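> Supplied structure: model_35.cif, mmCIF, C-alpha atoms.
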data_final
#
loop_
_atom_site.group_PDB
_atom_site.id
_atom_site.type_symbol
_atom_site.label_atom_id
_atom_site.label_comp_id
_atom_site.auth_asym_id
_atom_site.auth_seq_id
_atom_site.Cartn_x
_atom_site.Cartn_y
_atom_site.Cartn_z
ATOM 1 C CA MET S 89 -51.740 47.584 119.398
ATOM 2 C CA ASP S 90 -48.484 49.107 120.475
ATOM 3 C CA THR S 91 -46.645 51.422 118.048
ATOM 4 C CA THR S 92 -42.891 51.947 118.304
ATOM 5 C CA ILE S 93 -40.836 54.674 116.614
ATOM 6 C CA ARG S 94 -37.235 53.733 115.766
ATOM 7 C CA GLU S 95 -34.447 54.583 113.348
ATOM 8 C CA ALA S 96 -34.829 53.007 109.922
ATOM 9 C CA ARG S 97 -32.618 50.089 108.932
ATOM 10 C CA LEU S 98 -31.735 48.739 105.487
ATOM 11 C CA GLU S 99 -34.154 45.842 105.941
ATOM 12 C CA ASP S 100 -36.997 48.398 106.165
ATOM 13 C CA SER S 101 -36.572 49.278 102.474
ATOM 14 C CA ARG S 102 -39.299 46.869 101.326
ATOM 15 C CA ALA S 103 -41.852 48.247 103.795
ATOM 16 C CA ILE S 104 -41.004 51.864 102.901
ATOM 17 C CA ALA S 105 -41.260 51.038 99.188
ATOM 18 C CA ALA S 106 -44.688 49.466 99.784
ATOM 19 C CA ILE S 107 -45.852 52.590 101.653
ATOM 20 C CA LEU S 108 -44.661 54.860 98.834
ATOM 21 C CA ARG S 109 -46.441 52.699 96.244
ATOM 22 C CA ALA S 110 -49.653 52.710 98.308
ATOM 23 C CA LEU S 111 -49.590 56.521 98.454
ATOM 24 C CA GLY S 112 -49.507 56.630 94.652
ATOM 25 C CA TRP S 113 -48.350 60.239 94.307
ATOM 26 C CA SER S 114 -45.162 59.518 92.342
ATOM 27 C CA GLU S 115 -45.579 58.577 88.687
ATOM 28 C CA GLN S 116 -42.112 56.995 88.636
ATOM 29 C CA ILE S 117 -42.885 54.747 91.599
ATOM 30 C CA LYS S 118 -46.308 53.813 90.174
ATOM 31 C CA GLN S 119 -44.680 52.631 86.940
ATOM 32 C CA GLU S 120 -41.735 50.651 88.306
ATOM 33 C CA GLN S 121 -41.686 47.196 89.880
ATOM 34 C CA LEU S 122 -41.729 46.903 93.686
ATOM 35 C CA VAL S 123 -38.281 45.287 93.600
ATOM 36 C CA ASP S 124 -36.884 48.345 91.761
ATOM 37 C CA THR S 125 -38.479 50.769 94.225
ATOM 38 C CA GLN S 126 -37.073 48.697 97.082
ATOM 39 C CA ALA S 127 -33.575 48.817 95.552
ATOM 40 C CA HIS S 128 -33.774 52.623 95.221
ATOM 41 C CA ILE S 129 -34.960 52.981 98.817
ATOM 42 C CA ALA S 130 -32.207 50.643 100.084
ATOM 43 C CA SER S 131 -29.571 52.669 98.238
ATOM 44 C CA TYR S 132 -31.018 55.908 99.627
ATOM 45 C CA LEU S 133 -31.088 54.514 103.189
ATOM 46 C CA GLU S 134 -27.520 53.268 102.914
ATOM 47 C CA ARG S 135 -26.270 56.630 101.657
ATOM 48 C CA CYS S 136 -28.164 58.557 104.334
ATOM 49 C CA LEU S 137 -26.881 56.302 107.106
ATOM 50 C CA LEU S 138 -23.282 56.755 105.936
ATOM 51 C CA GLU S 139 -23.456 60.499 105.333
ATOM 52 C CA ARG S 140 -25.563 61.287 108.413
ATOM 53 C CA THR S 141 -27.415 63.972 106.403
ATOM 54 C CA HIS S 142 -30.866 62.600 107.188
ATOM 55 C CA THR S 143 -32.841 61.263 110.078
ATOM 56 C CA ILE S 144 -35.151 58.490 108.917
ATOM 57 C CA LEU S 145 -37.598 56.992 111.386
ATOM 58 C CA VAL S 146 -40.162 54.232 110.997
ATOM 59 C CA ALA S 147 -43.326 53.484 112.937
ATOM 60 C CA GLU S 148 -43.694 49.798 113.760
ATOM 61 C CA ARG S 149 -46.863 48.130 115.000
ATOM 62 C CA GLU S 150 -47.311 44.702 116.555
ATOM 63 C CA GLN S 151 -49.167 42.377 114.170
ATOM 64 C CA GLY S 152 -49.270 39.208 116.205
ATOM 65 C CA TYR S 153 -47.095 37.032 118.334
ATOM 66 C CA ASN S 154 -43.530 38.386 117.949
ATOM 67 C CA MET S 155 -44.480 39.905 114.571
ATOM 68 C CA ARG S 156 -44.019 43.607 113.857
ATOM 69 C CA GLU S 157 -44.819 45.578 110.706
ATOM 70 C CA VAL S 158 -43.597 48.988 109.524
ATOM 71 C CA VAL S 159 -46.722 51.112 109.065
ATOM 72 C CA GLY S 160 -45.195 54.547 108.442
ATOM 73 C CA TYR S 161 -41.989 56.504 108.077
ATOM 74 C CA VAL S 162 -40.567 60.013 108.061
ATOM 75 C CA SER S 163 -37.358 61.332 106.478
ATOM 76 C CA VAL S 164 -35.785 64.642 107.475
ATOM 77 C CA HIS S 165 -32.895 66.157 105.516
ATOM 78 C CA TRP S 166 -30.519 68.231 107.669
ATOM 79 C CA TYR S 167 -28.917 71.282 106.069
#
Output the file's structure as structure tokens, nothing else.

Amino acid sequence: MDTTIREARLEDSRAIAAILRALGWSEQIKQEQLVDTQAHIASYLERCLLERTHTILVAEREQGYNMREVVGYVSVHWY
């Protein structure tokens, strides 16, 4: 399986939300619906992309013929 690192896009918000929920370390995220977490992540991504205050990368892995899945991410805030 080939893994690719690339800049995050708005459409990655669902995958990032799913990763955060799977980690289970945030009580707020554990208690809210996936759709709400996804909306928060999308808003965060949009703001970060506009302000250029963060670098957000995702790791994508091939899951089949022409299918790729986000399997990880990292967010760095630049001061």
> Assuming the chain letters and numbering stay as they are in my file, what does the PyMOL selection byres ((chain S and resi 144-147) around 8) actually select? List them as a PyMOL selection string.
chain S and resi 91-96+142-143+148-149+158-164
> Of the candidates S:His165, S:Gln121, S:His128, S:Asp100, which shows the shortest atom-to-atom distance to S:Arg140, using all atoms listed in the file?
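Using all atoms listed in the file, S:Arg140 sits closest to S:His165.
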> Quick one: distance from atom CA of S:Ala127 to atom CA of S:Gln151 in Å, one decimal?
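Distance reported for this atom pair: 25.1 Å.
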> Let me make sure I understand: among S:Leu98, S:Trp113, S:Asp90, S:Val123, which one has the smallest atom-to-atom distance to S:Leu138 if we use all atoms listed in the file?
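Ranking S:Leu98, S:Trp113, S:Asp90, S:Val123 by distance to S:Leu138, first place goes to S:Leu98.
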> Would you mind telling me which residue in S:Tyr167, S:Glu139, S:Ser131, S:Glu157 lies nearest to S:Ala106 when using all atoms listed in the file?
S:Glu157
> May I ask for the distance between atom CA of S:Asp124 and atom CA of S:Leu111, given in Å to one decimal place?
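Interatomic distance here is 16.5 Å.
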> Kindly indicate which residue among S:Ile117, S:Met155, S:Ala105, S:Ala110 lies nearest to S:Leu133, using all atoms listed in the file for the distances.
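Going through S:Ile117, S:Met155, S:Ala105, S:Ala110 one by one, the smallest distance to S:Leu133 is for S:Ala105.
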> Atom CA of S:Ile104 and atom CA of S:Leu137, how far apart in Å?
15.4 Å
